[in-house]
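A short write-up of the structure that comes next.
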Protein chains: 2
Amino acid sequence: MGIHVDPVRDDAVRSPASDHSGAPATVQPVTWTGTGIRLLDQTRLPEDVVYLDVTEVDQVVDAISRLVVRGAPALGAVGAYGVALAARQAQRDGWSPEEFERATERIRAARPTAVALSLGVREAGRHLDAGVAAVVAAADQLTIQDAQRNREIARHGADWIGGRLSERLGRGPLRVLTHCNTGSLAAAGVGTALGIIRELHARGWVDLVHVDETRPLLQGSRLTAWELSAAGIPHVVQVDGAAAGTILRGEVDLAVVGADRIAANGDVANKVGTVGVALACAYAGIPFIVAASHDTIDPDTATGADIPIEQRDPDEVLSFRGARVAPARSGAHNPAFDVTPAALVDALVTERGVTEPADRRRPVPTT
Amino acid sequence: MGIHVDPVRDDAVRSPASDHSGAPATVQPVTWTGTGIRLLDQTRLPEDVVYLDVTEVDQVVDAISRLVVRGAPALGAVGAYGVALAARQAQRDGWSPEEFERATERIRAARPTAVALSLGVREAGRHLDAGVAAVVAAADQLTIQDAQRNREIARHGADWIGGRLSERLGRGPLRVLTHCNTGSLAAAGVGTALGIIRELHARGWVDLVHVDETRPLLQGSRLTAWELSAAGIPHVVQVDGAAAGTILRGEVDLAVVGADRIAANGDVANKVGTVGVALACAYAGIPFIVAASHDTIDPDTATGADIPIEQRDPDEVLSFRGARVAPARSGAHNPAFDVTPAALVDALVTERGVTEPADRRRPVPTT
């Protein structure tokens with residue numbers, strides 16, 4: 001397993017405010033090297049910009065589990081490239097069909113909640129008969145499509161917000177709240193929710209982004225703030241507990257988040273803490289917007305109650321960088337996701353357009 | 001400034017599950033030493049049980065600001081003893097009345113949101129003409145009263161819960177959620193919200209306590225979990241963002257929190273993150289209970305919008321134990337409190353009894 005540090009990109013993002021023209025507009029969290037997958041190690045941001053080359057299925061599963069790579073669209077890419085990697089390893093090591101099947105199943109099951117990981121494995125798997133190169137080409141195609149979908153999501157989302165908040169925009173740019181990381185670290189392109197925020201910023205509509213830090217692994221303060229810094233978008237980090245109060249106090253005009261899986265009835269699984277943001281938006285009467293590629297809507301999952309919620313290691317909550325923060329005998333409850341009822345979602349933005357699940361007159365698309 | 005470590009108490013709380021009979025049922029966060037105030041340094045829990053002796057006003061203000069001592073009732077005690085300490089220092093150093101006035105004002109203003117700190121300073125100040133010993137006696141009296149009020153709050157709260165949730169209790173003990181620390185570390189006795197939880201546990205009504213970790217300073221995982229461990233009460237720590245999802249998923253039967261100030265209209269200022277818990281309880285239809293001494297209701301503050309919300313150092317959010325967790329140029333929004341509208345409070349428990357602010361047929365007591 002090789003470790004690469006890219007000093008140019010490192011410099012660019014280490015001092016984002018010094019020269020925005022030199023900072024990357026987006027990053028590539030997942031790329032195919034020809035012999036394996038290169039992953040930007042998101043556990044080490046923002047301090048270190050380090051790439052990890054993985055060439056074995058065990059390494060892919062470990063990287064997914066440890067959140068070296070995370071974010072629904074990026075998991076789709078790593079699932080697809082993971083099948084190519086498994087096919088190479090199968091040729092090299094002479095695996096039986098059953099061994100290969102078990103290997104790809106391990107990749108697919110490395111995280112249970114995001115539907116994208118499964119979809120990536122399945123889509124790439126359809127090209128196996130045509131050889132490894134065809135699988136890689138299919139994964140490349142998924143990545144290209146994802147970047148294109150990101151752009152469509154950003155445009156549709158910004159258009160909807162411009163319409164819904166046109167009066168508010170007449171008084172000046174918007175205060176936006178987001179939770180977790182849904183930017184280019186989580187996707188192949190500009191991201192989903194963060195792609196919308198980038199587009200709002202490009203239109204001159206962003207005053208300030210409130211970034212929930214997103215405990216326990218701080219994807220907000222470590223990753224989203226890093227992307228916003230690099231893009232020169234004004235932001236403040238806040239603890240997750242501050243989201244509701246900030247919204248109720250009138251300091252936020254809208255919230256935009258991503259999704260890991262959307263049930264057929266429109267219920268949304270996303271990073272733990274999301275439903276608290278949705279409840280506060282509903283109470284305050286401001287739009288709560290979910291952005292995701294259309295295939296995040298899973299017709300095989302009827303309602304939010306049917307979405308498996310990943311329980312992660314209690315130590316993520318009880319320790320911080322190796323130092324225990326809770327009493328030795330205390331345990332933790334550590335669900336990685338929560339479910340937001342469709343009734344709290346004002347806009348669901350996909351590459352196909354916008355639906356309004358909270359508006360009971362309109363059905364949620366399930367196909 | 002002397003530092004004391006009490007090895008007996010240290011052992012007792014370091015291994016709370018090994019022998020509950022040896023663990024302290026409650027701790028004393030604030031005591032008068034005869035020459036100054038002894039404070040249990042809550043910034044160092046749960047690792048170290050260290051006491052700090054302060055004998056100068058500067059040290060008192062610093063200790064309050066750094067949250068060496070925190071929690072509304074404990075702040076009342078430190079405010080009262082702080083006046084005695086200032087009177088001693090005034091005699092020693094030959095202060096003018098104006099210098100003394102400025103010193104006590106600095107103590108009073110060290111934290112702006114909790115009304116108890118002001119009340120403690122004011123109450124103790126009424127005895128200044130009778131000398132330092134009389135001020136200390138008044139502060140002692142406040143402490144004794146607070147412990148008594150804690151017991152009354154615990155009893156009233158548990159009685160109300162027993163009535164409201166009698167059917168649920170028929171099916172087994174309750175899953176309780178709490179936020180921040182409102183136990184004996186925050187008060188002179190068993191605490192407010194945590195006092196109710198102790199009483200519920202004593203009645204055999206507690207299955208599990210969900211402890212919100214309470215970012216940024218982790219009063220939940222560091223302090224509440226420590227008290228619950230010592231008391232042998234089953235609990236799990238969770239990130240603040242998990243509260244709403246846990247409640248909506250039906251894993252919690254009620255939430256009990258404290259209050260730093262209650263406006264005349266019943267709006268409640270409490271640790272940031274509280275209103276998110278209240279919104280989730282309202283959505284899920286489970287009781288949201290606020291416990292506080294009656295004098296937390298401030299007749300001079302008309303509504304929650306009139307409560308000053310302390311903004312604390314951004315570094316509390318952006319760094320953890322000296323290590324930066326966010327990009328160098330990112331700022332933070334760090335309100336220490338939020339405001340829960342009275343309409344979301346199912347029960348307000350004081351030493352005088354229980355009122356039901358969310359029930360619009362009943363007025364909130366303002367005197």
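Ordering of the structure tokens sets the chain letters (A, B, ...); residue numbers start at 1 within each chain; ligands are numbered from 1 in the order shown.
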(message) I'd like the neighbourhood of range 287-290 of chain B as a list in words, where a residue qualifies if any of its atoms comes within 7 Å (using only C-alpha atoms), though same-chain residues fewer than 3 positions away should be ignored.
(response) Leu254, Ala255, Val256, Val257, Gly258, Ala259, Ala278, Cys281, Val345, Asp346, Ala347, Leu348 and Val349 of chain B
(message) Using only C-alpha atoms, I'd like every residue of chain A that has an atom within 7 Å of chain B; please write them out as number ranges by chain.
(response) A: 46, 215-216, 221-222, 225-226, 229, 235-242, 244-245, 272-273, 275-276, 279, 317, 325-327, 330-334, 338-339
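Per DSSP on the backbone, strand (DSSP E or B) in range 277-346 of chain B comprises B:Phe288, B:Ile289, B:Val290, B:Ala291, B:Ile297, B:Asp298, B:Gln311, B:Ser319, B:Phe320, B:Ala323, B:Arg324, B:Gly331, B:Ala332, B:Pro335, B:Phe337, B:Asp338, B:Val339, B:Thr340.
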(message) If we count only C-alpha atoms and set the cut-off at 12 Å, which residues sit around Ile196 in chain A, ignoring sequence neighbours fewer than 4 positions away in its own chain? Please answer as a PyMOL selection string.
(response) chain A and resi 149-162+176-178+182-184+189-192+200-203+205-206+209+254-258+289-292+349-351
(request) Could you find all residues in range 306-356 of chain B that DSSP calls alpha helix (DSSP H) from the backbone, and write them as a VMD selection string? (result) chain B and resid 315 to 318
Could you pull the residues within 12 Å of Arg108 in chain A, counting only C-alpha atoms, minus those fewer than 2 positions along the same chain, as a PDB file with N, CA, C and O atoms, in the first residue's frame?
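File produced: part_37.pdb:
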ATOM      1  N   VAL A  57      -8.647  -6.181  -2.228  1.00  0.00           N
ATOM      2  CA  VAL A  57     -10.016  -6.023  -1.726  1.00  0.00           C
ATOM      3  C   VAL A  57     -10.018  -5.713  -0.224  1.00  0.00           C
ATOM      4  O   VAL A  57     -10.765  -4.847   0.235  1.00  0.00           O
ATOM      5  N   VAL A  60      -9.571  -2.118   0.229  1.00  0.00           N
ATOM      6  CA  VAL A  60     -10.752  -1.338  -0.167  1.00  0.00           C
ATOM      7  C   VAL A  60     -11.783  -1.355   0.959  1.00  0.00           C
ATOM      8  O   VAL A  60     -12.314  -0.312   1.361  1.00  0.00           O
ATOM      9  N   VAL A  61     -12.046  -2.545   1.486  1.00  0.00           N
ATOM     10  CA  VAL A  61     -13.038  -2.690   2.559  1.00  0.00           C
ATOM     11  C   VAL A  61     -12.600  -1.884   3.780  1.00  0.00           C
ATOM     12  O   VAL A  61     -13.400  -1.166   4.399  1.00  0.00           O
ATOM     13  N   ILE A  64     -13.082   1.890   3.138  1.00  0.00           N
ATOM     14  CA  ILE A  64     -14.496   2.284   3.222  1.00  0.00           C
ATOM     15  C   ILE A  64     -14.930   2.316   4.688  1.00  0.00           C
ATOM     16  O   ILE A  64     -15.563   3.271   5.142  1.00  0.00           O
ATOM     17  N   SER A  65     -14.559   1.283   5.440  1.00  0.00           N
ATOM     18  CA  SER A  65     -14.992   1.181   6.841  1.00  0.00           C
ATOM     19  C   SER A  65     -14.423   2.318   7.684  1.00  0.00           C
ATOM     20  O   SER A  65     -15.108   2.865   8.544  1.00  0.00           O
ATOM     21  N   LEU A  75     -18.765   6.797  -2.729  1.00  0.00           N
ATOM     22  CA  LEU A  75     -18.873   5.370  -2.419  1.00  0.00           C
ATOM     23  C   LEU A  75     -19.334   4.587  -3.647  1.00  0.00           C
ATOM     24  O   LEU A  75     -18.921   3.445  -3.857  1.00  0.00           O
ATOM     25  N   GLY A  76     -20.169   5.207  -4.484  1.00  0.00           N
ATOM     26  CA  GLY A  76     -20.570   4.565  -5.733  1.00  0.00           C
ATOM     27  C   GLY A  76     -19.353   4.317  -6.617  1.00  0.00           C
ATOM     28  O   GLY A  76     -19.168   3.224  -7.179  1.00  0.00           O
ATOM     29  N   ALA A  77     -18.489   5.312  -6.722  1.00  0.00           N
ATOM     30  CA  ALA A  77     -17.283   5.179  -7.547  1.00  0.00           C
ATOM     31  C   ALA A  77     -16.354   4.117  -6.984  1.00  0.00           C
ATOM     32  O   ALA A  77     -15.822   3.273  -7.729  1.00  0.00           O
ATOM     33  N   VAL A  78     -16.155   4.127  -5.678  1.00  0.00           N
ATOM     34  CA  VAL A  78     -15.226   3.163  -5.092  1.00  0.00           C
ATOM     35  C   VAL A  78     -15.809   1.746  -5.181  1.00  0.00           C
ATOM     36  O   VAL A  78     -15.061   0.771  -5.336  1.00  0.00           O
ATOM     37  N   GLY A  79     -17.140   1.640  -5.137  1.00  0.00           N
ATOM     38  CA  GLY A  79     -17.766   0.336  -5.347  1.00  0.00           C
ATOM     39  C   GLY A  79     -17.494  -0.183  -6.752  1.00  0.00           C
ATOM     40  O   GLY A  79     -17.132  -1.350  -6.946  1.00  0.00           O
ATOM     41  N   ALA A  80     -17.640   0.686  -7.747  1.00  0.00           N
ATOM     42  CA  ALA A  80     -17.438   0.282  -9.147  1.00  0.00           C
ATOM     43  C   ALA A  80     -15.965  -0.049  -9.411  1.00  0.00           C
ATOM     44  O   ALA A  80     -15.645  -1.116  -9.958  1.00  0.00           O
ATOM     45  N   TYR A  81     -15.075   0.845  -9.013  1.00  0.00           N
ATOM     46  CA  TYR A  81     -13.650   0.552  -9.202  1.00  0.00           C
ATOM     47  C   TYR A  81     -13.215  -0.639  -8.349  1.00  0.00           C
ATOM     48  O   TYR A  81     -12.293  -1.371  -8.695  1.00  0.00           O
ATOM     49  N   GLY A  82     -13.901  -0.829  -7.223  1.00  0.00           N
ATOM     50  CA  GLY A  82     -13.593  -1.968  -6.359  1.00  0.00           C
ATOM     51  C   GLY A  82     -13.822  -3.294  -7.074  1.00  0.00           C
ATOM     52  O   GLY A  82     -13.069  -4.258  -6.877  1.00  0.00           O
ATOM     53  N   VAL A  83     -14.860  -3.344  -7.932  1.00  0.00           N
ATOM     54  CA  VAL A  83     -15.117  -4.568  -8.700  1.00  0.00           C
ATOM     55  C   VAL A  83     -13.971  -4.804  -9.691  1.00  0.00           C
ATOM     56  O   VAL A  83     -13.502  -5.948  -9.862  1.00  0.00           O
ATOM     57  N   ALA A  86     -11.088  -6.070  -7.723  1.00  0.00           N
ATOM     58  CA  ALA A  86     -11.316  -7.464  -7.326  1.00  0.00           C
ATOM     59  C   ALA A  86     -11.080  -8.399  -8.514  1.00  0.00           C
ATOM     60  O   ALA A  86     -10.515  -9.496  -8.356  1.00  0.00           O
ATOM     61  N   GLU A 101     -17.022 -13.663  -5.869  1.00  0.00           N
ATOM     62  CA  GLU A 101     -18.354 -13.215  -5.439  1.00  0.00           C
ATOM     63  C   GLU A 101     -18.316 -12.722  -3.988  1.00  0.00           C
ATOM     64  O   GLU A 101     -18.856 -11.662  -3.654  1.00  0.00           O
ATOM     65  N   ARG A 102     -17.651 -13.494  -3.131  1.00  0.00           N
ATOM     66  CA  ARG A 102     -17.537 -13.100  -1.721  1.00  0.00           C
ATOM     67  C   ARG A 102     -16.781 -11.778  -1.575  1.00  0.00           C
ATOM     68  O   ARG A 102     -17.115 -10.947  -0.738  1.00  0.00           O
ATOM     69  N   ALA A 103     -15.752 -11.602  -2.423  1.00  0.00           N
ATOM     70  CA  ALA A 103     -14.934 -10.386  -2.337  1.00  0.00           C
ATOM     71  C   ALA A 103     -15.773  -9.147  -2.695  1.00  0.00           C
ATOM     72  O   ALA A 103     -15.747  -8.130  -1.989  1.00  0.00           O
ATOM     73  N   THR A 104     -16.519  -9.230  -3.786  1.00  0.00           N
ATOM     74  CA  THR A 104     -17.314  -8.055  -4.177  1.00  0.00           C
ATOM     75  C   THR A 104     -18.461  -7.829  -3.188  1.00  0.00           C
ATOM     76  O   THR A 104     -18.841  -6.694  -2.916  1.00  0.00           O
ATOM     77  N   GLU A 105     -18.968  -8.915  -2.619  1.00  0.00           N
ATOM     78  CA  GLU A 105     -20.022  -8.780  -1.607  1.00  0.00           C
ATOM     79  C   GLU A 105     -19.473  -8.058  -0.368  1.00  0.00           C
ATOM     80  O   GLU A 105     -20.162  -7.245   0.252  1.00  0.00           O
ATOM     81  N   ARG A 106     -18.225  -8.329  -0.024  1.00  0.00           N
ATOM     82  CA  ARG A 106     -17.619  -7.638   1.126  1.00  0.00           C
ATOM     83  C   ARG A 106     -17.497  -6.135   0.857  1.00  0.00           C
ATOM     84  O   ARG A 106     -17.694  -5.318   1.753  1.00  0.00           O
ATOM     85  N   ALA A 110     -19.619  -3.146   2.987  1.00  0.00           N
ATOM     86  CA  ALA A 110     -18.703  -2.476   3.920  1.00  0.00           C
ATOM     87  C   ALA A 110     -19.399  -1.359   4.684  1.00  0.00           C
ATOM     88  O   ALA A 110     -19.036  -1.045   5.815  1.00  0.00           O
ATOM     89  N   ARG A 111     -20.392  -0.732   4.042  1.00  0.00           N
ATOM     90  CA  ARG A 111     -21.257   0.200   4.771  1.00  0.00           C
ATOM     91  C   ARG A 111     -22.683  -0.047   4.290  1.00  0.00           C
ATOM     92  O   ARG A 111     -22.937  -0.115   3.089  1.00  0.00           O
ATOM     93  N   PRO A 112     -23.637  -0.164   5.228  1.00  0.00           N
ATOM     94  CA  PRO A 112     -24.965  -0.645   4.856  1.00  0.00           C
ATOM     95  C   PRO A 112     -25.980   0.413   4.427  1.00  0.00           C
ATOM     96  O   PRO A 112     -26.980   0.076   3.796  1.00  0.00           O
ATOM     97  N   THR A 113     -25.762   1.669   4.777  1.00  0.00           N
ATOM     98  CA  THR A 113     -26.856   2.633   4.617  1.00  0.00           C
ATOM     99  C   THR A 113     -26.910   3.251   3.217  1.00  0.00           C
ATOM    100  O   THR A 113     -27.968   3.322   2.597  1.00  0.00           O
ATOM    101  N   ALA A 114     -25.772   3.710   2.706  1.00  0.00           N
ATOM    102  CA  ALA A 114     -25.764   4.383   1.404  1.00  0.00           C
ATOM    103  C   ALA A 114     -26.061   3.385   0.300  1.00  0.00           C
ATOM    104  O   ALA A 114     -25.405   2.350   0.179  1.00  0.00           O
ATOM    105  N   VAL A 115     -27.041   3.698  -0.521  1.00  0.00           N
ATOM    106  CA  VAL A 115     -27.417   2.803  -1.607  1.00  0.00           C
ATOM    107  C   VAL A 115     -26.396   2.892  -2.749  1.00  0.00           C
ATOM    108  O   VAL A 115     -26.239   1.959  -3.533  1.00  0.00           O
ATOM    109  N   ALA A 116     -25.654   3.988  -2.834  1.00  0.00           N
ATOM    110  CA  ALA A 116     -24.728   4.196  -3.952  1.00  0.00           C
ATOM    111  C   ALA A 116     -23.647   3.129  -4.014  1.00  0.00           C
ATOM    112  O   ALA A 116     -23.249   2.695  -5.108  1.00  0.00           O
ATOM    113  N   LEU A 117     -23.170   2.689  -2.869  1.00  0.00           N
ATOM    114  CA  LEU A 117     -22.113   1.678  -2.844  1.00  0.00           C
ATOM    115  C   LEU A 117     -22.598   0.399  -3.523  1.00  0.00           C
ATOM    116  O   LEU A 117     -21.919  -0.155  -4.397  1.00  0.00           O
ATOM    117  N   SER A 118     -23.781  -0.042  -3.162  1.00  0.00           N
ATOM    118  CA  SER A 118     -24.388  -1.217  -3.802  1.00  0.00           C
ATOM    119  C   SER A 118     -24.553  -1.014  -5.300  1.00  0.00           C
ATOM    120  O   SER A 118     -24.244  -1.897  -6.099  1.00  0.00           O
ATOM    121  N   LEU A 119     -25.056   0.156  -5.660  1.00  0.00           N
ATOM    122  CA  LEU A 119     -25.323   0.426  -7.080  1.00  0.00           C
ATOM    123  C   LEU A 119     -24.029   0.418  -7.885  1.00  0.00           C
ATOM    124  O   LEU A 119     -23.997  -0.084  -9.008  1.00  0.00           O
ATOM    125  N   GLY A 120     -22.961   0.967  -7.316  1.00  0.00           N
ATOM    126  CA  GLY A 120     -21.672   0.995  -8.013  1.00  0.00           C
ATOM    127  C   GLY A 120     -21.149  -0.411  -8.254  1.00  0.00           C
ATOM    128  O   GLY A 120     -20.690  -0.745  -9.353  1.00  0.00           O
ATOM    129  N   VAL A 121     -21.238  -1.247  -7.211  1.00  0.00           N
ATOM    130  CA  VAL A 121     -20.784  -2.637  -7.350  1.00  0.00           C
ATOM    131  C   VAL A 121     -21.626  -3.349  -8.409  1.00  0.00           C
ATOM    132  O   VAL A 121     -21.095  -4.049  -9.285  1.00  0.00           O
ATOM    133  N   ARG A 122     -22.933  -3.141  -8.372  1.00  0.00           N
ATOM    134  CA  ARG A 122     -23.829  -3.844  -9.298  1.00  0.00           C
ATOM    135  C   ARG A 122     -23.597  -3.410 -10.737  1.00  0.00           C
ATOM    136  O   ARG A 122     -23.488  -4.234 -11.642  1.00  0.00           O
ATOM    137  N   GLU A 123     -23.496  -2.078 -10.939  1.00  0.00           N
ATOM    138  CA  GLU A 123     -23.338  -1.560 -12.299  1.00  0.00           C
ATOM    139  C   GLU A 123     -22.020  -2.054 -12.912  1.00  0.00           C
ATOM    140  O   GLU A 123     -21.988  -2.523 -14.057  1.00  0.00           O
ATOM    141  N   ALA A 124     -20.937  -1.969 -12.136  1.00  0.00           N
ATOM    142  CA  ALA A 124     -19.644  -2.428 -12.652  1.00  0.00           C
ATOM    143  C   ALA A 124     -19.682  -3.932 -12.914  1.00  0.00           C
ATOM    144  O   ALA A 124     -19.132  -4.414 -13.916  1.00  0.00           O
ATOM    145  N   GLY A 125     -20.363  -4.657 -12.036  1.00  0.00           N
ATOM    146  CA  GLY A 125     -20.435  -6.111 -12.160  1.00  0.00           C
ATOM    147  C   GLY A 125     -21.073  -6.569 -13.456  1.00  0.00           C
ATOM    148  O   GLY A 125     -20.774  -7.664 -13.964  1.00  0.00           O
TER     149      GLY A 125
END
(request) Kindly give the distance, in Å, that separates CA of Thr143 in chain B and CA of Gln28 in chain B, rounded to a single decimal. (result) 10.1 Å
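Distances here use only C-alpha atoms; by that measure, the residue among B:Ala358, B:Val268, B:Ala187, B:Leu194 closest to Ala74 in chain B is B:Ala187.
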